[in-house]
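Containing CSV, N, CA and C atoms: model-v9.csv.
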```csv
chain,number,residue,atom,x,y,z
A,26,MET,N,2.3,-9.2,13.3
A,26,MET,CA,1.5,-9.0,14.5
A,26,MET,C,0.5,-10.1,14.7
A,27,THR,N,-0.5,-10.3,13.8
A,27,THR,CA,-1.5,-11.3,14.0
A,27,THR,C,-1.4,-12.2,12.8
A,28,SER,N,-2.0,-13.4,13.0
A,28,SER,CA,-2.1,-14.3,11.8
A,28,SER,C,-3.6,-14.4,11.4
A,29,PRO,N,-3.8,-14.9,10.2
A,29,PRO,CA,-5.2,-15.1,9.8
A,29,PRO,C,-5.9,-16.1,10.7
A,30,THR,N,-7.2,-15.8,11.0
A,30,THR,CA,-7.9,-16.6,12.0
A,30,THR,C,-8.7,-17.8,11.3
A,31,ALA,N,-9.1,-17.6,10.1
A,31,ALA,CA,-9.8,-18.6,9.4
A,31,ALA,C,-9.0,-19.3,8.3
A,32,THR,N,-9.4,-20.5,7.9
A,32,THR,CA,-8.6,-21.2,6.9
A,32,THR,C,-8.9,-20.7,5.5
A,33,THR,N,-10.0,-20.1,5.3
A,33,THR,CA,-10.4,-19.5,4.0
A,33,THR,C,-11.1,-18.1,4.3
A,34,SER,N,-11.1,-17.4,3.3
A,34,SER,CA,-11.8,-16.1,3.4
A,34,SER,C,-13.1,-16.2,2.5
A,35,SER,N,-13.9,-15.3,2.6
A,35,SER,CA,-15.2,-15.3,1.8
A,35,SER,C,-14.9,-15.2,0.3
A,36,THR,N,-13.7,-14.9,0.0
A,36,THR,CA,-13.3,-14.8,-1.5
A,36,THR,C,-13.0,-16.2,-2.0
A,37,GLY,N,-12.9,-17.2,-1.1
A,37,GLY,CA,-12.6,-18.6,-1.6
A,37,GLY,C,-11.1,-18.8,-1.6
A,38,LEU,N,-10.3,-17.8,-1.3
A,38,LEU,CA,-8.8,-17.9,-1.3
A,38,LEU,C,-8.4,-18.1,0.2
A,39,ALA,N,-7.2,-18.6,0.3
A,39,ALA,CA,-6.5,-18.6,1.7
A,39,ALA,C,-6.3,-17.2,2.1
A,40,PRO,N,-6.5,-16.9,3.4
A,40,PRO,CA,-6.4,-15.5,3.8
A,40,PRO,C,-5.0,-14.8,3.5
A,41,ASN,N,-3.9,-15.6,3.6
A,41,ASN,CA,-2.6,-15.0,3.2
A,41,ASN,C,-2.5,-14.6,1.7
A,42,VAL,N,-3.1,-15.4,0.9
A,42,VAL,CA,-3.1,-15.2,-0.5
A,42,VAL,C,-4.0,-14.0,-0.9
A,43,ALA,N,-5.2,-13.9,-0.3
A,43,ALA,CA,-6.1,-12.8,-0.5
A,43,ALA,C,-5.5,-11.5,0.1
A,44,GLY,N,-4.8,-11.6,1.2
A,44,GLY,CA,-4.2,-10.4,1.8
A,44,GLY,C,-3.1,-9.9,0.9
A,45,ALA,N,-2.3,-10.8,0.3
A,45,ALA,CA,-1.2,-10.4,-0.6
A,45,ALA,C,-1.8,-9.8,-1.9
A,46,LEU,N,-2.8,-10.4,-2.4
A,46,LEU,CA,-3.4,-10.0,-3.7
A,46,LEU,C,-4.1,-8.6,-3.5
A,47,ALA,N,-4.5,-8.3,-2.3
A,47,ALA,CA,-5.1,-7.0,-2.1
A,47,ALA,C,-4.2,-5.8,-2.4
A,48,TYR,N,-2.9,-6.1,-2.3
A,48,TYR,CA,-1.9,-5.0,-2.6
A,48,TYR,C,-1.5,-5.0,-4.1
A,49,LEU,N,-1.9,-6.0,-4.9
A,49,LEU,CA,-1.4,-6.2,-6.2
A,49,LEU,C,-1.5,-4.9,-7.1
A,50,LEU,N,-2.7,-4.3,-7.2
A,50,LEU,CA,-2.9,-3.1,-8.0
A,50,LEU,C,-3.3,-1.9,-7.1
A,51,GLY,N,-2.8,-1.9,-5.9
A,51,GLY,CA,-3.0,-0.8,-5.0
A,51,GLY,C,-4.4,-0.6,-4.6
A,52,PRO,N,-5.0,0.6,-4.7
A,52,PRO,CA,-6.3,0.8,-4.3
A,52,PRO,C,-7.4,0.0,-5.1
A,53,ILE,N,-7.1,-0.3,-6.3
A,53,ILE,CA,-8.1,-1.0,-7.1
A,53,ILE,C,-8.3,-2.4,-6.5
A,54,THR,N,-7.3,-3.2,-6.3
A,54,THR,CA,-7.5,-4.5,-5.7
A,54,THR,C,-7.9,-4.4,-4.2
A,55,GLY,N,-7.4,-3.3,-3.6
A,55,GLY,CA,-7.8,-3.1,-2.2
A,55,GLY,C,-9.3,-2.9,-2.0
A,56,ILE,N,-9.9,-2.1,-2.9
A,56,ILE,CA,-11.3,-1.9,-2.9
A,56,ILE,C,-12.0,-3.2,-3.2
A,57,LEU,N,-11.5,-3.9,-4.2
A,57,LEU,CA,-12.2,-5.2,-4.6
A,57,LEU,C,-12.2,-6.2,-3.5
A,58,PHE,N,-11.1,-6.4,-2.8
A,58,PHE,CA,-11.0,-7.4,-1.7
A,58,PHE,C,-11.8,-6.8,-0.5
A,59,PHE,N,-11.8,-5.5,-0.3
A,59,PHE,CA,-12.5,-5.0,0.9
A,59,PHE,C,-14.0,-5.2,0.7
A,60,LEU,N,-14.5,-5.1,-0.5
A,60,LEU,CA,-15.9,-5.3,-0.8
A,60,LEU,C,-16.3,-6.8,-0.8
A,61,LEU,N,-15.4,-7.6,-1.3
A,61,LEU,CA,-15.7,-9.0,-1.4
A,61,LEU,C,-15.6,-9.7,0.0
A,62,GLU,N,-14.6,-9.3,0.8
A,62,GLU,CA,-14.4,-10.0,2.0
A,62,GLU,C,-15.4,-9.5,3.1
A,63,LYS,N,-16.1,-10.4,3.7
A,63,LYS,CA,-17.1,-10.0,4.7
A,63,LYS,C,-16.7,-10.4,6.1
A,64,GLU,N,-15.9,-11.4,6.3
A,64,GLU,CA,-15.7,-12.0,7.6
A,64,GLU,C,-14.3,-11.9,8.1
A,65,ASN,N,-13.3,-12.2,7.2
A,65,ASN,CA,-11.9,-12.3,7.7
A,65,ASN,C,-11.3,-10.9,7.9
A,66,ARG,N,-11.0,-10.7,9.2
A,66,ARG,CA,-10.4,-9.4,9.6
A,66,ARG,C,-9.0,-9.2,9.0
A,67,PHE,N,-8.2,-10.2,8.9
A,67,PHE,CA,-6.9,-10.2,8.3
A,67,PHE,C,-6.9,-9.6,6.9
A,68,VAL,N,-7.8,-10.2,6.1
A,68,VAL,CA,-7.9,-9.8,4.7
A,68,VAL,C,-8.5,-8.4,4.6
A,69,ARG,N,-9.5,-8.1,5.4
A,69,ARG,CA,-10.1,-6.7,5.4
A,69,ARG,C,-9.0,-5.7,5.8
A,70,TYR,N,-8.2,-6.0,6.8
A,70,TYR,CA,-7.1,-5.1,7.2
A,70,TYR,C,-6.1,-4.8,6.0
A,71,HIS,N,-5.7,-5.9,5.4
A,71,HIS,CA,-4.7,-5.7,4.3
A,71,HIS,C,-5.4,-4.9,3.1
A,72,ALA,N,-6.6,-5.2,2.8
A,72,ALA,CA,-7.3,-4.5,1.8
A,72,ALA,C,-7.5,-3.0,2.1
A,73,ALA,N,-7.8,-2.8,3.4
A,73,ALA,CA,-8.0,-1.4,3.8
A,73,ALA,C,-6.6,-0.6,3.8
A,74,GLN,N,-5.6,-1.3,4.2
A,74,GLN,CA,-4.3,-0.7,4.2
A,74,GLN,C,-3.8,-0.4,2.7
A,75,SER,N,-4.2,-1.3,1.8
A,75,SER,CA,-3.8,-1.1,0.4
A,75,SER,C,-4.6,0.1,-0.1
A,76,ILE,N,-5.8,0.3,0.3
A,76,ILE,CA,-6.6,1.5,-0.2
A,76,ILE,C,-6.0,2.7,0.4
A,77,THR,N,-5.8,2.8,1.7
A,77,THR,CA,-5.3,4.0,2.3
A,77,THR,C,-3.9,4.4,1.9
A,78,LEU,N,-3.0,3.3,1.8
A,78,LEU,CA,-1.6,3.6,1.4
A,78,LEU,C,-1.6,4.0,-0.1
A,79,GLY,N,-2.4,3.4,-0.9
A,79,GLY,CA,-2.4,3.7,-2.3
A,79,GLY,C,-2.9,5.2,-2.5
A,80,LEU,N,-3.9,5.6,-1.8
A,80,LEU,CA,-4.4,6.9,-2.0
A,80,LEU,C,-3.4,8.0,-1.4
A,81,LEU,N,-2.7,7.6,-0.3
A,81,LEU,CA,-1.7,8.5,0.2
A,81,LEU,C,-0.5,8.6,-0.8
A,82,TRP,N,-0.2,7.5,-1.4
A,82,TRP,CA,0.9,7.4,-2.4
A,82,TRP,C,0.6,8.3,-3.6
A,83,ILE,N,-0.6,8.3,-4.0
A,83,ILE,CA,-1.1,9.1,-5.2
A,83,ILE,C,-0.9,10.6,-4.8
A,84,ALA,N,-1.4,10.9,-3.6
A,84,ALA,CA,-1.3,12.3,-3.2
A,84,ALA,C,0.2,12.8,-3.1
A,85,LEU,N,1.0,11.9,-2.5
A,85,LEU,CA,2.5,12.2,-2.4
A,85,LEU,C,3.1,12.3,-3.8
A,86,SER,N,2.6,11.5,-4.8
A,86,SER,CA,3.1,11.6,-6.1
A,86,SER,C,2.8,12.9,-6.8
A,87,VAL,N,1.6,13.4,-6.5
A,87,VAL,CA,1.3,14.7,-7.1
A,87,VAL,C,2.1,15.8,-6.4
A,88,LEU,N,2.3,15.7,-5.1
A,88,LEU,CA,3.1,16.7,-4.4
A,88,LEU,C,4.6,16.7,-4.9
A,89,PHE,N,5.1,15.5,-5.1
A,89,PHE,CA,6.5,15.4,-5.6
A,89,PHE,C,6.6,15.9,-7.1
A,90,SER,N,5.6,15.7,-7.8
A,90,SER,CA,5.6,16.2,-9.2
A,90,SER,C,5.6,17.7,-9.3
A,91,VAL,N,4.9,18.3,-8.4
A,91,VAL,CA,4.9,19.8,-8.3
A,91,VAL,C,6.2,20.3,-7.8
A,92,LEU,N,6.8,19.6,-6.8
A,92,LEU,CA,8.1,20.0,-6.3
A,92,LEU,C,9.2,19.8,-7.4
A,93,SER,N,9.1,18.7,-8.1
A,93,SER,CA,10.1,18.4,-9.2
A,93,SER,C,10.0,19.5,-10.3
A,94,GLY,N,8.7,19.9,-10.6
A,94,GLY,CA,8.5,20.9,-11.6
A,94,GLY,C,9.2,22.2,-11.2
A,95,MET,N,9.1,22.5,-9.9
A,95,MET,CA,9.8,23.7,-9.4
A,95,MET,C,11.3,23.6,-9.4
A,96,LEU,N,11.8,22.4,-9.0
A,96,LEU,CA,13.2,22.2,-8.9
A,96,LEU,C,13.9,22.2,-10.3
A,97,VAL,N,13.3,21.8,-11.3
A,97,VAL,CA,13.9,21.7,-12.6
A,97,VAL,C,14.2,23.1,-13.2
A,98,MET,N,13.6,24.1,-12.6
A,98,MET,CA,13.9,25.5,-13.0
A,98,MET,C,15.2,26.0,-12.6
A,99,VAL,N,15.8,25.3,-11.6
A,99,VAL,CA,17.1,25.6,-11.1
A,99,VAL,C,18.1,24.8,-12.0
A,100,PRO,N,19.0,25.6,-12.7
A,100,PRO,CA,20.0,24.9,-13.6
A,100,PRO,C,20.8,23.8,-12.9
A,101,VAL,N,21.0,22.7,-13.5
A,101,VAL,CA,21.8,21.6,-13.1
A,101,VAL,C,21.5,21.0,-11.8
A,102,LEU,N,21.7,21.7,-10.7
A,102,LEU,CA,21.4,21.2,-9.4
A,102,LEU,C,20.0,20.8,-9.2
A,103,GLY,N,19.1,21.6,-9.7
A,103,GLY,CA,17.6,21.3,-9.6
A,103,GLY,C,17.3,20.0,-10.3
A,104,TRP,N,17.8,19.9,-11.5
A,104,TRP,CA,17.6,18.6,-12.3
A,104,TRP,C,18.1,17.4,-11.5
A,105,LEU,N,19.3,17.5,-10.9
A,105,LEU,CA,19.9,16.4,-10.2
A,105,LEU,C,19.0,16.1,-8.9
A,106,VAL,N,18.6,17.1,-8.2
A,106,VAL,CA,17.8,16.8,-7.0
A,106,VAL,C,16.4,16.2,-7.4
A,107,ALA,N,15.8,16.7,-8.5
A,107,ALA,CA,14.5,16.2,-8.9
A,107,ALA,C,14.7,14.8,-9.3
A,108,LEU,N,15.8,14.4,-10.0
A,108,LEU,CA,16.0,13.1,-10.4
A,108,LEU,C,16.3,12.2,-9.2
A,109,LEU,N,17.0,12.6,-8.3
A,109,LEU,CA,17.3,11.8,-7.1
A,109,LEU,C,16.0,11.6,-6.3
A,110,LEU,N,15.2,12.6,-6.1
A,110,LEU,CA,13.9,12.5,-5.4
A,110,LEU,C,13.0,11.5,-6.1
A,111,SER,N,13.0,11.5,-7.4
A,111,SER,CA,12.2,10.6,-8.2
A,111,SER,C,12.6,9.2,-8.1
A,112,VAL,N,13.9,8.9,-8.1
A,112,VAL,CA,14.5,7.6,-8.0
A,112,VAL,C,14.2,7.0,-6.6
A,113,VAL,N,14.5,7.8,-5.5
A,113,VAL,CA,14.3,7.4,-4.2
A,113,VAL,C,12.8,7.1,-3.9
A,114,PHE,N,11.9,8.0,-4.4
A,114,PHE,CA,10.5,7.9,-4.2
A,114,PHE,C,10.0,6.6,-4.9
A,115,GLY,N,10.4,6.4,-6.1
A,115,GLY,CA,10.0,5.2,-6.9
A,115,GLY,C,10.5,3.9,-6.3
A,116,LEU,N,11.8,3.9,-5.9
A,116,LEU,CA,12.3,2.6,-5.3
A,116,LEU,C,11.7,2.4,-4.0
A,117,GLY,N,11.5,3.4,-3.2
A,117,GLY,CA,10.9,3.3,-1.9
A,117,GLY,C,9.5,2.7,-2.0
A,118,GLY,N,8.7,3.2,-3.0
A,118,GLY,CA,7.4,2.7,-3.2
A,118,GLY,C,7.4,1.2,-3.6
A,119,LEU,N,8.4,0.8,-4.5
A,119,LEU,CA,8.5,-0.5,-5.0
A,119,LEU,C,8.8,-1.5,-3.8
A,120,PHE,N,9.8,-1.1,-3.0
A,120,PHE,CA,10.2,-1.9,-1.8
A,120,PHE,C,9.1,-2.0,-0.8
A,121,LEU,N,8.3,-0.9,-0.5
A,121,LEU,CA,7.2,-1.0,0.4
A,121,LEU,C,6.1,-1.9,-0.1
A,122,TRP,N,5.8,-1.8,-1.4
A,122,TRP,CA,4.8,-2.6,-2.0
A,122,TRP,C,5.2,-4.1,-1.9
A,123,LEU,N,6.4,-4.5,-2.3
A,123,LEU,CA,6.8,-5.9,-2.2
A,123,LEU,C,6.9,-6.3,-0.7
A,124,PHE,N,7.3,-5.5,0.2
A,124,PHE,CA,7.4,-5.9,1.6
A,124,PHE,C,6.0,-6.2,2.2
A,125,LEU,N,5.0,-5.3,1.8
A,125,LEU,CA,3.6,-5.5,2.3
A,125,LEU,C,3.0,-6.8,1.7
A,126,MET,N,3.3,-7.0,0.5
A,126,MET,CA,2.7,-8.2,-0.1
A,126,MET,C,3.4,-9.5,0.5
A,127,TRP,N,4.7,-9.4,0.8
A,127,TRP,CA,5.4,-10.5,1.4
A,127,TRP,C,4.9,-10.8,2.8
A,128,ARG,N,4.7,-9.7,3.6
A,128,ARG,CA,4.2,-9.9,5.0
A,128,ARG,C,2.8,-10.5,5.0
A,129,ALA,N,1.9,-10.0,4.1
A,129,ALA,CA,0.6,-10.6,4.0
A,129,ALA,C,0.6,-12.1,3.6
A,130,PHE,N,1.5,-12.4,2.7
A,130,PHE,CA,1.6,-13.8,2.2
A,130,PHE,C,2.1,-14.7,3.3
A,131,GLN,N,3.0,-14.1,4.2
A,131,GLN,CA,3.5,-14.9,5.4
A,131,GLN,C,2.4,-15.0,6.4
A,132,GLY,N,1.3,-14.3,6.3
A,132,GLY,CA,0.2,-14.4,7.3
A,132,GLY,C,0.4,-13.4,8.4
A,133,ARG,N,1.2,-12.4,8.2
A,133,ARG,CA,1.5,-11.4,9.2
A,133,ARG,C,1.1,-10.0,8.8
A,134,GLU,N,0.9,-9.2,9.7
A,134,GLU,CA,0.5,-7.8,9.5
A,134,GLU,C,1.7,-6.9,9.8
A,135,TRP,N,1.8,-5.8,9.1
A,135,TRP,CA,2.7,-4.7,9.4
A,135,TRP,C,2.0,-3.4,9.2
A,136,GLU,N,1.9,-2.7,10.2
A,136,GLU,CA,1.1,-1.4,10.2
A,136,GLU,C,2.0,-0.3,9.7
A,137,SER,N,1.8,0.2,8.5
A,137,SER,CA,2.6,1.4,8.1
A,137,SER,C,2.2,2.6,8.9
A,138,PRO,N,3.2,3.5,9.1
A,138,PRO,CA,3.1,4.6,10.1
A,138,PRO,C,1.8,5.5,9.9
A,139,ILE,N,1.4,5.9,8.8
A,139,ILE,CA,0.3,6.8,8.6
A,139,ILE,C,-0.9,6.0,8.1
A,140,ALA,N,-0.8,5.2,7.1
A,140,ALA,CA,-1.9,4.5,6.5
A,140,ALA,C,-2.4,3.4,7.4
A,141,GLY,N,-1.5,2.8,8.2
A,141,GLY,CA,-1.9,1.6,9.0
A,141,GLY,C,-3.0,1.9,10.0
A,142,PRO,N,-2.9,3.0,10.9
A,142,PRO,CA,-4.0,3.3,11.8
A,142,PRO,C,-5.3,3.7,11.1
A,143,MET,N,-5.2,4.3,9.9
A,143,MET,CA,-6.4,4.7,9.2
A,143,MET,C,-7.0,3.4,8.7
A,144,ALA,N,-6.2,2.4,8.2
A,144,ALA,CA,-6.7,1.1,7.7
A,144,ALA,C,-7.4,0.4,8.9
A,145,ARG,N,-6.8,0.4,10.1
A,145,ARG,CA,-7.4,-0.3,11.2
A,145,ARG,C,-8.9,0.2,11.5
A,146,LYS,N,-9.0,1.5,11.4
A,146,LYS,CA,-10.3,2.1,11.6
A,146,LYS,C,-11.3,1.7,10.5
A,147,LEU,N,-10.8,1.8,9.3
A,147,LEU,CA,-11.6,1.4,8.1
A,147,LEU,C,-12.0,-0.1,8.1
A,148,ALA,N,-11.1,-0.9,8.5
A,148,ALA,CA,-11.4,-2.4,8.5
A,148,ALA,C,-12.3,-2.8,9.7
A,149,GLY,N,-12.4,-1.9,10.8
A,149,GLY,CA,-13.2,-2.2,11.9
A,149,GLY,C,-12.6,-3.2,12.8
```

Write the structure described by the file as structure tokens, please.
Amino acid sequence: MTSPTATTSSTGLAPNVAGALAYLLGPITGILFFLLEKENRFVRYHAAQSITLGLLWIALSVLFSVLSGMLVMVPVLGWLVALLLSVVFGLGGLFLWLFLMWRAFQGREWESPIAGPMARKLAG
């Protein structure tokens, strides 16, 4: 959508590098870059999206763990469905994480459906 406006961020890194690194450890690096970055809206947006998406992902993980715990009580089919959900959820998270890092490194934004609007508000 938009590209970085400044040549550097207040972190001393190029905005595309800082934006990509904000996703590296999810909410941890998101919070770090959100607190360190004072001026560059591009970096602040990616940091905020890393925070919101990471926290939503943790909540979904808890929900899927409870669901899987209930599914494994069903013989055979429950185990298979729980395993399938786990694989799809894990691979989906991996691809989303890599995609967001890549888009930030390209100097572009991608607003995730739920976390993106929340990140926009957080980033100001």

**Residues within 7 Å of (-8.2, -0.9, 3.5), counting all atoms listed in the file, listed as a ChimeraX atom specification** = /A:55-56,59,69-78,143-145,147-148

With a distance cut-off of 8 Å and all atoms listed in the file, select the neighbouring residues of Trp122 in chain A, excluding the residue or stretch itself and same-chain residues fewer than 5 positions from it, and output the selection as a PDB file with N, CA and C atoms, in the coordinates of the input.
```pdb
ATOM      1  N   TYR A  48      -2.900  -6.100  -2.300  1.00  0.00           N
ATOM      2  CA  TYR A  48      -1.900  -5.000  -2.600  1.00  0.00           C
ATOM      3  C   TYR A  48      -1.500  -5.000  -4.100  1.00  0.00           C
ATOM      4  N   LEU A  49      -1.900  -6.000  -4.900  1.00  0.00           N
ATOM      5  CA  LEU A  49      -1.400  -6.200  -6.200  1.00  0.00           C
ATOM      6  C   LEU A  49      -1.500  -4.900  -7.100  1.00  0.00           C
ATOM      7  N   LEU A 116      11.800   3.900  -5.900  1.00  0.00           N
ATOM      8  CA  LEU A 116      12.300   2.600  -5.300  1.00  0.00           C
ATOM      9  C   LEU A 116      11.700   2.400  -4.000  1.00  0.00           C
ATOM     10  N   GLY A 117      11.500   3.400  -3.200  1.00  0.00           N
ATOM     11  CA  GLY A 117      10.900   3.300  -1.900  1.00  0.00           C
ATOM     12  C   GLY A 117       9.500   2.700  -2.000  1.00  0.00           C
ATOM     13  N   TRP A 127       4.700  -9.400   0.800  1.00  0.00           N
ATOM     14  CA  TRP A 127       5.400 -10.500   1.400  1.00  0.00           C
ATOM     15  C   TRP A 127       4.900 -10.800   2.800  1.00  0.00           C
ATOM     16  N   ARG A 128       4.700  -9.700   3.600  1.00  0.00           N
ATOM     17  CA  ARG A 128       4.200  -9.900   5.000  1.00  0.00           C
ATOM     18  C   ARG A 128       2.800 -10.500   5.000  1.00  0.00           C
TER      19      ARG A 128
END
```

**Request:** Kindly give the distance, in Å, that separates atom C of Ala47 in chain A and CA of Val87 in chain A, rounded to a single decimal.
**Result:** 21.7 Å

**Asked** A:Val101, A:Ala43, A:Ile53, A:Ala129: which is nearest Gly79 in chain A, counting only N, CA and C atoms?
**Response**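 Closest to Gly79 in chain A, using only N, CA and C atoms: A:Ile53.
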
**Request:** Extract the full set of alpha helix (DSSP H) residues from chain A according to DSSP on the backbone, and format it as a PyMOL selection string.
**Result:** chain A and resi 40-46+52-61+66-96+102-130+140-148

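Rounded to one decimal, atom N of Ser111 in chain A and atom C of Ile83 in chain A lie 14.2 Å from each other.
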
**Asked** With distances taken over only C-alpha atoms, which of A:Val106, A:Ala45, A:Leu57, A:Ala140 is nearest to Ser93 in chain A?
**Response**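 So, comparing all the options, the nearest one is A:Val106.
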